[in-house]
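Colleague: Here you go, final.txt (compact mmCIF, C-alpha atoms and all ligand atoms):
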```txt
# COMPACT_ATOMS: atom_id res chain seq x y z
CA MET A 2 -27.39 -1.25 6.23
CA GLN A 3 -26.62 1.40 8.82
CA LEU A 4 -23.28 3.12 8.33
CA PRO A 5 -20.98 3.82 11.24
CA THR A 6 -21.82 7.31 12.51
CA TYR A 7 -18.19 8.29 13.05
CA VAL A 8 -17.66 9.04 9.36
CA HIS A 9 -20.06 11.54 7.87
CA LYS A 10 -22.57 9.90 5.53
CA ASP A 11 -22.38 12.77 3.01
CA ASN A 12 -18.61 12.85 3.02
CA LEU A 13 -17.36 9.30 3.30
CA GLY A 14 -14.03 10.05 1.59
CA GLN A 15 -11.90 7.01 0.82
CA TRP A 16 -14.07 4.84 3.07
CA GLY A 17 -16.87 5.49 0.56
CA VAL A 18 -14.64 4.07 -2.19
CA PHE A 19 -14.01 0.93 -0.14
CA LEU A 20 -17.77 0.55 0.53
CA GLU A 21 -18.47 0.87 -3.20
CA GLN A 22 -15.94 -1.90 -3.89
CA VAL A 23 -17.59 -4.11 -1.25
CA ASP A 24 -20.98 -3.44 -2.87
CA ARG A 25 -19.55 -4.50 -6.24
CA VAL A 26 -18.22 -7.80 -4.89
CA THR A 27 -21.19 -8.79 -2.71
CA PRO A 28 -23.35 -10.26 -5.55
CA HIS A 29 -20.45 -12.58 -6.40
CA LEU A 30 -19.99 -13.99 -2.90
CA GLY A 31 -22.84 -16.52 -3.01
CA LYS A 32 -24.14 -17.58 0.41
CA LEU A 33 -21.24 -15.83 2.16
CA GLY A 34 -22.83 -12.56 1.04
CA VAL A 35 -24.98 -12.63 4.21
CA TRP A 36 -21.81 -11.84 6.16
CA ALA A 37 -20.71 -8.95 3.91
CA ASP A 38 -21.79 -6.31 6.44
CA THR A 39 -18.80 -7.47 8.48
CA LEU A 40 -16.66 -5.74 5.86
CA ARG A 41 -18.73 -2.54 5.96
CA ARG A 42 -17.62 -1.71 9.51
CA PRO A 43 -14.12 -1.78 10.95
CA LYS A 44 -13.81 -4.02 13.97
CA ARG A 45 -12.05 -1.40 16.04
CA CYS A 46 -10.86 2.22 15.64
CA LEU A 47 -8.58 3.93 18.12
CA ILE A 48 -8.12 7.72 17.94
CA VAL A 49 -5.31 9.13 20.03
CA ASP A 50 -3.95 12.54 20.94
CA VAL A 51 -0.22 12.78 20.25
CA PRO A 52 1.34 15.74 22.10
CA VAL A 53 4.88 16.49 20.97
CA ARG A 54 7.43 18.88 22.43
CA MET A 55 9.00 20.65 19.45
CA ASP A 56 12.65 21.70 19.38
CA ASP A 57 11.70 25.30 20.21
CA GLY A 58 10.02 24.16 23.44
CA THR A 59 6.39 24.58 22.31
CA VAL A 60 3.98 21.64 22.53
CA HIS A 61 1.89 20.68 19.48
CA HIS A 62 -0.96 18.17 19.42
CA PHE A 63 -1.49 15.78 16.52
CA GLU A 64 -4.32 13.35 15.84
CA GLY A 65 -3.32 9.70 15.48
CA TYR A 66 -5.32 6.65 14.43
CA ARG A 67 -4.98 2.89 14.43
CA VAL A 68 -7.82 0.95 12.81
CA GLN A 69 -8.19 -2.83 12.84
CA HIS A 70 -10.67 -3.48 10.08
CA ASN A 71 -10.93 -7.24 10.44
CA ILE A 72 -8.93 -9.78 12.43
CA SER A 73 -10.86 -12.98 11.64
CA ARG A 74 -7.85 -14.63 9.97
CA GLY A 75 -5.06 -13.46 12.26
CA PRO A 76 -3.49 -10.40 13.88
CA GLY A 77 -3.98 -7.01 12.27
CA LYS A 78 -1.33 -6.03 9.71
CA GLY A 79 -0.70 -2.77 7.98
CA GLY A 80 1.43 0.32 7.62
CA LEU A 81 1.72 3.59 9.46
CA ARG A 82 1.55 6.83 7.45
CA TYR A 83 2.36 10.43 8.26
CA HIS A 84 0.54 12.92 6.07
CA PRO A 85 -1.35 16.19 6.55
CA ASP A 86 -4.43 14.74 4.78
CA VAL A 87 -4.76 11.64 6.99
CA THR A 88 -8.32 11.25 8.31
CA LEU A 89 -10.21 8.51 10.09
CA SER A 90 -12.09 7.77 6.86
CA GLU A 91 -8.82 7.32 4.99
CA VAL A 92 -7.28 5.05 7.63
CA MET A 93 -10.49 2.98 7.71
CA ALA A 94 -10.33 2.51 3.94
CA LEU A 95 -6.63 1.66 4.01
CA SER A 96 -7.26 -0.91 6.76
CA GLY A 97 -10.09 -2.43 4.70
CA TRP A 98 -7.78 -2.74 1.69
CA MET A 99 -5.24 -4.49 3.95
CA THR A 100 -7.93 -7.02 4.99
CA VAL A 101 -8.54 -7.89 1.34
CA LYS A 102 -4.85 -7.72 0.34
CA VAL A 103 -3.54 -10.13 2.99
CA ALA A 104 -6.39 -12.53 2.18
CA VAL A 105 -5.67 -12.40 -1.58
CA LEU A 106 -2.11 -13.51 -0.73
CA ASN A 107 -3.50 -15.99 1.83
CA LEU A 108 -1.31 -14.55 4.59
CA PRO A 109 -2.52 -15.44 8.12
CA TYR A 110 -3.37 -11.85 9.02
CA GLY A 111 -6.22 -9.42 9.34
CA GLY A 112 -6.21 -5.87 8.00
CA ALA A 113 -5.13 -2.80 9.95
CA LYS A 114 -3.66 0.64 9.32
CA GLY A 115 -2.35 3.58 11.28
CA GLY A 116 -1.74 7.22 10.58
CA ILE A 117 -0.96 10.59 12.05
CA ARG A 118 -2.42 13.77 10.58
CA VAL A 119 0.87 15.65 10.30
CA ASP A 120 3.22 17.11 7.71
CA PRO A 121 6.50 15.55 8.80
CA LYS A 122 8.62 17.39 6.18
CA PRO A 123 9.69 20.32 8.41
CA PHE A 124 10.29 18.06 11.45
CA SER A 125 13.81 17.56 12.78
CA SER A 126 14.86 13.97 13.36
CA SER A 127 14.38 14.31 17.13
CA GLU A 128 10.88 15.79 16.67
CA LEU A 129 10.01 12.89 14.40
CA GLU A 130 11.33 10.48 16.99
CA ARG A 131 9.25 12.03 19.80
CA LEU A 132 6.15 11.99 17.56
CA THR A 133 6.68 8.33 16.72
CA ARG A 134 7.42 7.23 20.27
CA ARG A 135 4.42 9.02 21.78
CA TYR A 136 2.08 7.66 19.09
CA THR A 137 3.42 4.12 19.63
CA SER A 138 2.93 4.42 23.35
CA GLU A 139 -0.67 5.65 22.87
CA VAL A 140 -1.65 2.83 20.49
CA GLY A 141 0.39 0.33 22.55
CA ILE A 142 -2.80 -1.05 24.09
CA ILE A 143 -3.89 -2.62 20.82
CA ILE A 144 -0.63 -3.48 19.00
CA GLY A 145 1.79 -6.39 19.49
CA PRO A 146 3.40 -9.23 17.52
CA ASP A 147 0.27 -11.38 17.98
CA LYS A 148 -2.25 -8.51 17.93
CA ASP A 149 -1.39 -5.92 15.30
CA ILE A 150 1.88 -5.45 13.43
CA MET A 151 2.94 -2.15 11.87
CA ALA A 152 5.06 -1.48 8.77
CA PRO A 153 6.23 1.52 6.71
CA ASP A 154 3.82 3.45 4.52
CA VAL A 155 3.71 7.02 3.13
CA ASN A 156 6.46 9.13 4.80
CA THR A 157 7.60 6.41 7.21
CA ASN A 158 10.64 4.18 6.83
CA GLU A 159 13.04 1.77 8.56
CA LYS A 160 14.17 4.40 11.02
CA VAL A 161 10.59 5.09 12.14
CA MET A 162 10.00 1.34 12.49
CA ALA A 163 13.10 1.05 14.72
CA TRP A 164 11.62 3.71 17.07
CA VAL A 165 8.25 1.92 17.11
CA MET A 166 9.97 -1.37 17.94
CA ASP A 167 12.11 0.20 20.68
CA THR A 168 9.22 2.09 22.31
CA TYR A 169 6.91 -0.91 22.32
CA SER A 170 9.74 -3.14 23.60
CA ILE A 171 10.56 -0.78 26.47
CA ASN A 172 6.89 -0.53 27.45
CA VAL A 173 6.41 -4.31 27.57
CA GLY A 174 9.84 -4.96 29.12
CA THR A 175 11.21 -7.32 26.48
CA THR A 176 12.77 -6.92 23.05
CA SER A 177 9.93 -7.54 20.65
CA PRO A 178 11.08 -7.38 16.99
CA GLY A 179 7.84 -8.92 15.68
CA VAL A 180 5.72 -5.85 16.53
CA VAL A 181 6.89 -4.16 13.32
CA THR A 182 8.11 -5.22 9.90
CA GLY A 183 10.18 -3.16 7.50
CA LYS A 184 12.69 -2.46 10.27
CA PRO A 185 16.48 -2.23 9.74
CA VAL A 186 18.09 -5.57 8.89
CA ASN A 187 20.34 -5.56 11.95
CA LEU A 188 17.30 -5.20 14.21
CA GLY A 189 15.67 -8.28 12.71
CA GLY A 190 14.44 -6.77 9.45
CA SER A 191 14.28 -8.92 6.33
CA LEU A 192 16.56 -8.71 3.35
CA GLY A 193 14.54 -7.70 0.31
CA ARG A 194 11.83 -5.88 2.30
CA ARG A 195 12.79 -2.38 1.17
CA ASP A 196 12.25 -3.13 -2.53
CA ALA A 197 9.47 -5.68 -2.03
CA THR A 198 6.46 -3.53 -2.98
CA GLY A 199 8.16 -2.29 -6.16
CA ARG A 200 9.32 -5.81 -6.98
CA GLY A 201 5.76 -7.09 -6.57
CA CYS A 202 4.50 -4.41 -9.01
CA TYR A 203 7.00 -5.72 -11.53
CA VAL A 204 5.98 -9.38 -11.01
CA VAL A 205 2.25 -8.75 -11.54
CA ALA A 206 2.94 -6.52 -14.57
CA ARG A 207 5.18 -9.22 -16.07
CA GLU A 208 2.47 -11.85 -15.55
CA ALA A 209 -0.21 -9.66 -17.12
CA MET A 210 2.04 -8.79 -20.08
CA ARG A 211 2.78 -12.47 -20.72
CA ARG A 212 -0.92 -13.17 -21.00
CA LEU A 213 -1.50 -10.14 -23.22
CA GLY A 214 1.42 -11.03 -25.52
CA MET A 215 3.38 -7.89 -24.58
CA GLU A 216 7.20 -7.71 -24.31
CA MET A 217 8.83 -6.35 -21.14
CA ARG A 218 11.96 -5.39 -23.08
CA GLY A 219 11.31 -1.93 -24.49
CA ALA A 220 7.95 -1.50 -22.71
CA ARG A 221 7.36 2.19 -21.89
CA ILE A 222 6.42 2.97 -18.29
CA ALA A 223 5.29 6.18 -16.61
CA ILE A 224 5.58 6.22 -12.81
CA GLN A 225 3.86 8.58 -10.39
CA GLY A 226 5.87 8.82 -7.16
CA PHE A 227 9.53 8.15 -6.43
CA GLY A 228 9.29 7.10 -2.76
CA ASN A 229 9.20 3.68 -1.07
CA VAL A 230 7.38 2.09 -4.02
CA GLY A 231 8.15 4.13 -7.16
CA ASP A 232 11.92 4.18 -6.69
CA ALA A 233 12.21 0.38 -6.32
CA ALA A 234 9.70 -0.27 -9.11
CA ALA A 235 11.62 2.03 -11.48
CA ARG A 236 14.91 0.21 -10.81
CA ILE A 237 13.42 -3.27 -11.19
CA PHE A 238 11.52 -2.49 -14.40
CA HIS A 239 14.70 -0.82 -15.74
CA GLN A 240 16.83 -3.89 -14.82
CA ASN A 241 14.41 -6.02 -16.81
CA GLY A 242 14.64 -3.96 -19.98
CA ALA A 243 11.64 -1.66 -19.64
CA ILE A 244 12.02 2.07 -20.41
CA ILE A 245 11.01 4.58 -17.73
CA VAL A 246 9.69 7.35 -19.98
CA SER A 247 8.24 9.61 -17.30
CA ILE A 248 8.27 10.22 -13.56
CA GLN A 249 5.98 12.52 -11.63
CA ASP A 250 6.33 13.60 -8.03
CA ILE A 251 5.09 16.44 -5.85
CA ASP A 252 7.28 18.96 -7.75
CA GLY A 253 6.05 18.05 -11.24
CA THR A 254 6.72 15.69 -14.15
CA ILE A 255 9.80 14.78 -16.19
CA TYR A 256 9.96 12.94 -19.49
CA ASN A 257 12.56 11.24 -21.67
CA PRO A 258 11.37 8.99 -24.51
CA ALA A 259 14.80 7.28 -24.55
CA GLY A 260 14.47 6.39 -20.86
CA ILE A 261 15.16 7.95 -17.46
CA ASN A 262 17.94 6.13 -15.58
CA PRO A 263 16.46 5.48 -12.11
CA TYR A 264 19.87 4.94 -10.51
CA GLN A 265 21.11 8.32 -11.73
CA LEU A 266 17.87 9.93 -10.57
CA ARG A 267 18.16 8.36 -7.13
CA ASP A 268 21.76 9.57 -6.77
CA PHE A 269 20.75 13.04 -7.95
CA LEU A 270 17.87 13.31 -5.44
CA SER A 271 19.88 11.84 -2.57
CA GLU A 272 22.25 14.81 -2.71
CA GLY A 273 19.44 16.63 -0.85
CA GLY A 274 17.68 19.90 -1.65
CA LYS A 275 17.27 18.87 -5.30
CA SER A 276 14.01 18.91 -7.23
CA LEU A 277 13.02 16.15 -9.65
CA LEU A 278 12.48 18.91 -12.22
CA ASP A 279 16.19 19.77 -12.27
CA PHE A 280 17.30 16.23 -13.14
CA PRO A 281 19.55 16.66 -16.21
CA GLY A 282 18.53 13.35 -17.79
CA ALA A 283 15.00 14.43 -18.80
CA GLU A 284 12.83 17.38 -19.85
CA ARG A 285 9.95 18.91 -17.90
CA ILE A 286 6.38 18.39 -19.07
CA SER A 287 3.01 19.32 -17.57
CA ASN A 288 1.29 17.10 -15.01
CA ASN A 289 -1.66 16.65 -17.39
CA ASP A 290 0.63 15.29 -20.11
CA PHE A 291 1.72 12.57 -17.72
CA TRP A 292 -1.73 10.97 -17.76
CA SER A 293 -2.28 11.22 -21.52
CA MET A 294 1.17 9.84 -22.36
CA ASP A 295 1.59 7.32 -25.13
CA CYS A 296 3.00 4.42 -23.08
CA ASP A 297 2.34 0.78 -22.19
CA ILE A 298 2.05 1.03 -18.41
CA ILE A 299 1.13 3.74 -15.92
CA LEU A 300 2.21 2.93 -12.40
CA PRO A 301 0.62 5.26 -9.81
CA ALA A 302 2.80 4.86 -6.70
CA ALA A 303 1.84 7.87 -4.60
CA HIS A 304 -1.58 8.63 -3.12
CA GLU A 305 -5.25 7.76 -3.39
CA ASN A 306 -7.66 9.28 -5.88
CA GLN A 307 -5.22 10.19 -8.65
CA ILE A 308 -7.08 8.65 -11.60
CA THR A 309 -10.49 10.32 -11.58
CA LEU A 310 -13.17 11.59 -13.95
CA ASP A 311 -10.76 14.47 -14.67
CA ASN A 312 -8.12 12.38 -16.42
CA ALA A 313 -9.49 8.85 -17.01
CA ASN A 314 -10.70 9.64 -20.53
CA ASN A 315 -7.22 10.80 -21.57
CA ILE A 316 -5.36 7.70 -20.47
CA ARG A 317 -3.80 5.76 -23.36
CA ALA A 318 -1.72 3.18 -21.48
CA ARG A 319 -2.63 -0.46 -21.90
CA ILE A 320 -2.13 -1.43 -18.22
CA ILE A 321 -2.45 0.43 -14.91
CA VAL A 322 -0.40 -1.11 -12.10
CA GLU A 323 -1.68 0.22 -8.77
CA GLY A 324 1.46 0.56 -6.67
CA ALA A 325 -0.36 3.03 -4.41
CA ASN A 326 -3.43 2.16 -2.37
CA GLY A 327 -6.70 3.42 -3.83
CA PRO A 328 -5.30 5.49 -6.74
CA THR A 329 -8.31 4.93 -9.04
CA SER A 330 -11.82 6.19 -8.23
CA PRO A 331 -14.65 3.70 -8.99
CA GLN A 332 -16.10 6.07 -11.63
CA ALA A 333 -12.72 6.40 -13.36
CA GLU A 334 -12.33 2.63 -13.21
CA ASP A 335 -15.58 2.17 -15.15
CA ILE A 336 -14.27 4.46 -17.90
CA LEU A 337 -10.92 2.64 -18.08
CA LEU A 338 -12.59 -0.78 -18.20
CA ASP A 339 -14.84 0.42 -21.03
CA LYS A 340 -11.73 1.45 -22.93
CA GLY A 341 -10.29 -2.05 -22.45
CA ILE A 342 -7.49 -0.89 -20.13
CA ILE A 343 -6.29 -3.57 -17.72
CA ILE A 344 -6.16 -2.43 -14.08
CA LEU A 345 -3.98 -4.50 -11.78
CA PRO A 346 -5.64 -3.57 -8.48
CA ASP A 347 -3.78 -2.35 -5.39
CA VAL A 348 -4.86 -5.34 -3.27
CA LEU A 349 -2.81 -7.52 -5.64
CA ALA A 350 -0.31 -5.19 -7.34
CA ASN A 351 1.20 -3.65 -4.20
CA ALA A 352 0.96 -6.78 -2.03
CA GLY A 353 4.70 -7.50 -2.39
CA GLY A 354 5.43 -5.31 0.63
CA VAL A 355 3.14 -7.07 3.05
CA THR A 356 4.18 -10.46 1.66
CA VAL A 357 7.82 -9.84 2.59
CA SER A 358 6.57 -8.31 5.87
CA TYR A 359 5.06 -11.72 6.54
CA PHE A 360 8.40 -13.39 5.73
CA GLU A 361 10.07 -10.95 8.14
CA TRP A 362 7.59 -11.76 10.92
CA VAL A 363 8.06 -15.51 10.37
CA GLN A 364 11.86 -15.05 10.49
CA ASN A 365 11.48 -13.06 13.74
CA SER A 366 9.39 -15.72 15.42
CA SER A 367 11.79 -18.51 14.43
CA SER A 368 14.97 -16.38 14.85
CA PHE A 369 16.21 -17.93 11.62
CA PHE A 370 16.96 -15.72 8.63
CA TRP A 371 16.80 -16.33 4.90
CA ASN A 372 19.07 -14.88 2.23
CA GLU A 373 17.87 -12.28 -0.26
CA ASP A 374 17.53 -14.74 -3.14
CA GLU A 375 15.25 -16.96 -1.06
CA ILE A 376 13.09 -13.96 -0.20
CA ASN A 377 12.86 -12.75 -3.80
CA VAL A 378 12.08 -16.23 -5.17
CA ARG A 379 9.34 -16.80 -2.55
CA LEU A 380 7.90 -13.35 -3.25
CA ASP A 381 7.83 -14.04 -6.97
CA HIS A 382 6.02 -17.35 -6.43
CA ALA A 383 3.50 -15.90 -3.99
CA LEU A 384 2.57 -13.03 -6.29
CA SER A 385 2.55 -15.06 -9.50
CA ASP A 386 0.21 -17.60 -7.88
CA ALA A 387 -2.09 -14.89 -6.52
CA PHE A 388 -2.08 -13.18 -9.93
CA LYS A 389 -3.03 -16.45 -11.66
CA ALA A 390 -5.96 -17.07 -9.29
CA VAL A 391 -7.29 -13.52 -9.75
CA TRP A 392 -6.76 -13.46 -13.52
CA GLU A 393 -8.49 -16.81 -14.09
CA LEU A 394 -11.42 -15.88 -11.86
CA GLY A 395 -11.76 -12.58 -13.70
CA GLN A 396 -11.85 -14.39 -17.07
CA ASN A 397 -14.22 -17.13 -15.91
CA MET A 398 -16.70 -14.83 -14.16
CA LYS A 399 -16.27 -11.96 -16.66
CA ILE A 400 -15.60 -9.49 -13.86
CA SER A 401 -12.89 -6.86 -13.42
CA LEU A 402 -9.60 -7.88 -11.84
CA ARG A 403 -10.43 -5.73 -8.80
CA THR A 404 -13.74 -7.48 -8.25
CA ALA A 405 -12.03 -10.83 -8.87
CA ALA A 406 -9.36 -10.01 -6.27
CA PHE A 407 -12.12 -8.98 -3.84
CA VAL A 408 -13.91 -12.28 -4.51
CA VAL A 409 -10.73 -14.23 -3.67
CA GLY A 410 -9.94 -12.14 -0.58
CA CYS A 411 -13.44 -11.58 0.82
CA THR A 412 -14.34 -15.26 0.39
CA ARG A 413 -11.40 -16.22 2.62
CA VAL A 414 -12.26 -13.56 5.19
CA LEU A 415 -15.97 -14.37 5.33
CA GLU A 416 -15.38 -18.14 5.42
CA ALA A 417 -13.23 -17.57 8.49
CA ARG A 418 -15.96 -15.31 9.88
CA GLN A 419 -18.59 -17.97 9.38
CA LEU A 420 -16.45 -20.80 10.76
CA ARG A 421 -15.67 -18.84 13.91
CA GLY A 422 -19.38 -18.12 14.41
CA LEU A 423 -21.05 -15.26 16.19
CA TYR A 424 -20.21 -14.69 19.85
CA PRO A 425 -22.03 -15.09 22.23
N1 LIG B 501 2.09 -0.15 3.79
C1 LIG B 501 2.20 -1.29 2.94
C2 LIG B 501 0.87 -1.60 2.29
O1 LIG B 501 0.03 -0.75 2.15
C3 LIG B 501 2.82 -2.48 3.66
C4 LIG B 501 2.04 -3.04 4.81
C5 LIG B 501 2.77 -4.10 5.60
O2 LIG B 501 3.84 -4.53 5.22
O3 LIG B 501 2.22 -4.46 6.65
O4 LIG B 501 0.64 -2.68 1.82
```
Transcribe the structure of this file into structure tokens.
Modeller:
Amino acid sequence: MQLPTYVHKDNLGQWGVFLEQVDRVTPHLGKLGVWADTLRRPKRCLIVDVPVRMDDGTVHHFEGYRVQHNISRGPGKGGLRYHPDVTLSEVMALSGWMTVKVAVLNLPYGGAKGGIRVDPKPFSSSELERLTRRYTSEVGIIIGPDKDIMAPDVNTNEKVMAWVMDTYSINVGTTSPGVVTGKPVNLGGSLGRRDATGRGCYVVAREAMRRLGMEMRGARIAIQGFGNVGDAAARIFHQNGAIIVSIQDIDGTIYNPAGINPYQLRDFLSEGGKSLLDFPGAERISNNDFWSMDCDIILPAAHENQITLDNANNIRARIIVEGANGPTSPQAEDILLDKGIIILPDVLANAGGVTVSYFEWVQNSSSFFWNEDEINVRLDHALSDAFKAVWELGQNMKISLRTAAFVVGCTRVLEARQLRGLYP
């Protein structure tokens, strides 16, 4: 198999992780395996220059990407992230994980992802707006409600989605809410979307714990990240009786064996200019101690490549719930599996976000809106059903839950690929 030449073969980065996962699933795909090379190349990658006039009048150029990994089952779907470490390889991998994720949930989408290589932290709101609008305009040739639909991801939020929606709408001359999901509710966003990824993490953890005979009440959870995913997950686990014993973010790690109150932490951090480490309801510990903590669940909800050969041997948790995309390296995964640790893989565990994105898109196309209870109940059903399918396949085939999820997802993608046939 020839690799695409636009990522360096000796430094594949996260795309290399995705390829390794595809290699692991291919022997389990039966006759569909002949189509597996489809997954080893993204369908389409667009790299754009994003020039931005900064508030001081200077012009800075940023590199932007939108990758559509596979669109055999429907329009591309996936988030937009702003981060200084964004690379083409990373966006390719993230788009590949979206392909598998939407197929595991049987949503009528393909996988896509976008990113800008930028540190948005020092940006003023108007600089962020100009960055977002110019990027949207540049990728406008391949996005659209029936082509490729964006959503929030690392360092993007409802406000950014509103600018994407407005810019795209102005460029096409009609108001087009369906080009993004995760937008503000009064622009056509869905109730329940903001907490959906965290809620999904809770649902899959609850389902796994039921099967393992573990109690949610009193379960001890350590969460890495307190952003779009970690904050909501912390609140929902807390509401259901679990104890948040530790939280780690970019500033460091805090710990309280009696439980960190996520509402108090959110209020504390929303005052602005505050560090997690100064939260009065917990003590500081080292980042290494986070990984070796005596707890039931570790929920990485930040970036890729956090559980590696450096810390995998120290992990004592019973379950890893991958709220982030790609947090566990394949080598670390082998160690964890040998230790009997259950890994609920990203393509299942963090699929709550894109599931409610789908509900949002359906509501936009019918201009009929559901209440929050309806959204949460449908989300719970969708994720519990997907969990059951993956769990049972894993048990029956004696394969990891990640490989089982890839079997479910890749089978759907490659069946569609085969049915559509090869053009011309
Ligand atoms: N960025 C989220 C993810 O990685 C959500 C994607 C979406 O809603 O389209 O799954």
Colleague: Calculated over all atoms listed in the file, which of the candidates A:Leu4, A:Leu95, A:Met215, A:Leu384 has the smallest distance to ligand LIG 501 (chain B)?
Modeller: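 Ranked by minimum distance to ligand LIG 501 (chain B), first place goes to A:Leu95.
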Colleague: Give the residue list for ligand LIG 501 (chain B) at 7 Å, counting only C-alpha atoms and all ligand atoms, as a ChimeraX atom specification, sorted by chain and then by residue number.
Modeller: /A:78-81,99,150-154,182-183,326,351-352,354-356,358
Colleague: For A:Ala113, which residue among A:Asp149, A:Asp311, A:Glu130, A:Asp57 is the nearest when counting all atoms listed in the file?
Modeller: A:Asp149
Colleague: If I put a ball of radius 12 Å at (5.2, -5.2, 24.0) in the file's coordinates, which residues poke into it when counting all atoms listed in the file, written as number ranges by chain?
Modeller: A: 137-138, 140-150, 165-181
Colleague: Write out as JSON lines the residues of stretch 55-119 of chain A that have any atom within 8 Å of an atom of stretch 13-33 of chain A, one row each with the nearest atom pair and its distance in Å to one decimal, counting only C-alpha atoms, sorted by chain and then rising number.
Modeller:
```
{"residue": "A:Ser90", "atom": "CA", "partner": "A:Trp16", "partner_atom": "CA", "distance": 5.2}
{"residue": "A:Glu91", "atom": "CA", "partner": "A:Gln15", "partner_atom": "CA", "distance": 5.2}
{"residue": "A:Met93", "atom": "CA", "partner": "A:Trp16", "partner_atom": "CA", "distance": 6.1}
{"residue": "A:Ala94", "atom": "CA", "partner": "A:Trp16", "partner_atom": "CA", "distance": 4.5}
{"residue": "A:Gly97", "atom": "CA", "partner": "A:Phe19", "partner_atom": "CA", "distance": 7.1}
{"residue": "A:Trp98", "atom": "CA", "partner": "A:Phe19", "partner_atom": "CA", "distance": 7.5}
```
Colleague: Rebuild N, CA, C and O atoms on stretch 322-334 of chain A, as a JSON list (two decimals), in the frame of the given file?
Modeller:
```json
[["chain", "number", "residue", "atom", "x", "y", "z"],
["A", 322, "VAL", "N", -0.88, -0.27, -13.21],
["A", 322, "VAL", "CA", -0.40, -1.11, -12.10],
["A", 322, "VAL", "C", -0.51, -0.26, -10.83],
["A", 322, "VAL", "O", 0.22, 0.71, -10.66],
["A", 323, "GLU", "N", -1.43, -0.63, -9.93],
["A", 323, "GLU", "CA", -1.68, 0.22, -8.77],
["A", 323, "GLU", "C", -0.67, -0.04, -7.65],
["A", 323, "GLU", "O", -0.91, -0.83, -6.74],
["A", 324, "GLY", "N", 0.45, 0.66, -7.73],
["A", 324, "GLY", "CA", 1.46, 0.56, -6.67],
["A", 324, "GLY", "C", 1.00, 1.26, -5.41],
["A", 324, "GLY", "O", 1.32, 0.85, -4.29],
["A", 325, "ALA", "N", 0.21, 2.33, -5.56],
["A", 325, "ALA", "CA", -0.36, 3.03, -4.41],
["A", 325, "ALA", "C", -1.62, 2.31, -3.96],
["A", 325, "ALA", "O", -2.14, 1.44, -4.67],
["A", 326, "ASN", "N", -2.12, 2.66, -2.80],
["A", 326, "ASN", "CA", -3.43, 2.16, -2.37],
["A", 326, "ASN", "C", -4.50, 3.14, -2.82],
["A", 326, "ASN", "O", -4.38, 4.36, -2.63],
["A", 327, "GLY", "N", -5.54, 2.61, -3.45],
["A", 327, "GLY", "CA", -6.70, 3.42, -3.83],
["A", 327, "GLY", "C", -6.46, 4.53, -4.83],
["A", 327, "GLY", "O", -7.12, 5.57, -4.76],
["A", 328, "PRO", "N", -5.57, 4.36, -5.83],
["A", 328, "PRO", "CA", -5.30, 5.49, -6.74],
["A", 328, "PRO", "C", -6.41, 5.76, -7.76],
["A", 328, "PRO", "O", -6.45, 6.84, -8.34],
["A", 329, "THR", "N", -7.31, 4.78, -7.97],
["A", 329, "THR", "CA", -8.31, 4.93, -9.04],
["A", 329, "THR", "C", -9.71, 5.04, -8.43],
["A", 329, "THR", "O", -10.12, 4.17, -7.65],
["A", 330, "SER", "N", -10.46, 6.08, -8.76],
["A", 330, "SER", "CA", -11.82, 6.19, -8.23],
["A", 330, "SER", "C", -12.71, 5.18, -8.97],
["A", 330, "SER", "O", -12.44, 4.83, -10.13],
["A", 331, "PRO", "N", -13.79, 4.69, -8.33],
["A", 331, "PRO", "CA", -14.65, 3.70, -8.99],
["A", 331, "PRO", "C", -15.23, 4.21, -10.31],
["A", 331, "PRO", "O", -15.36, 3.45, -11.28],
["A", 332, "GLN", "N", -15.54, 5.52, -10.38],
["A", 332, "GLN", "CA", -16.10, 6.07, -11.63],
["A", 332, "GLN", "C", -15.05, 6.08, -12.73],
["A", 332, "GLN", "O", -15.33, 5.77, -13.89],
["A", 333, "ALA", "N", -13.81, 6.42, -12.36],
["A", 333, "ALA", "CA", -12.72, 6.40, -13.36],
["A", 333, "ALA", "C", -12.47, 4.97, -13.80],
["A", 333, "ALA", "O", -12.20, 4.70, -14.98],
["A", 334, "GLU", "N", -12.56, 4.05, -12.88],
["A", 334, "GLU", "CA", -12.33, 2.63, -13.21],
["A", 334, "GLU", "C", -13.31, 2.17, -14.29],
["A", 334, "GLU", "O", -12.93, 1.47, -15.23]]
```
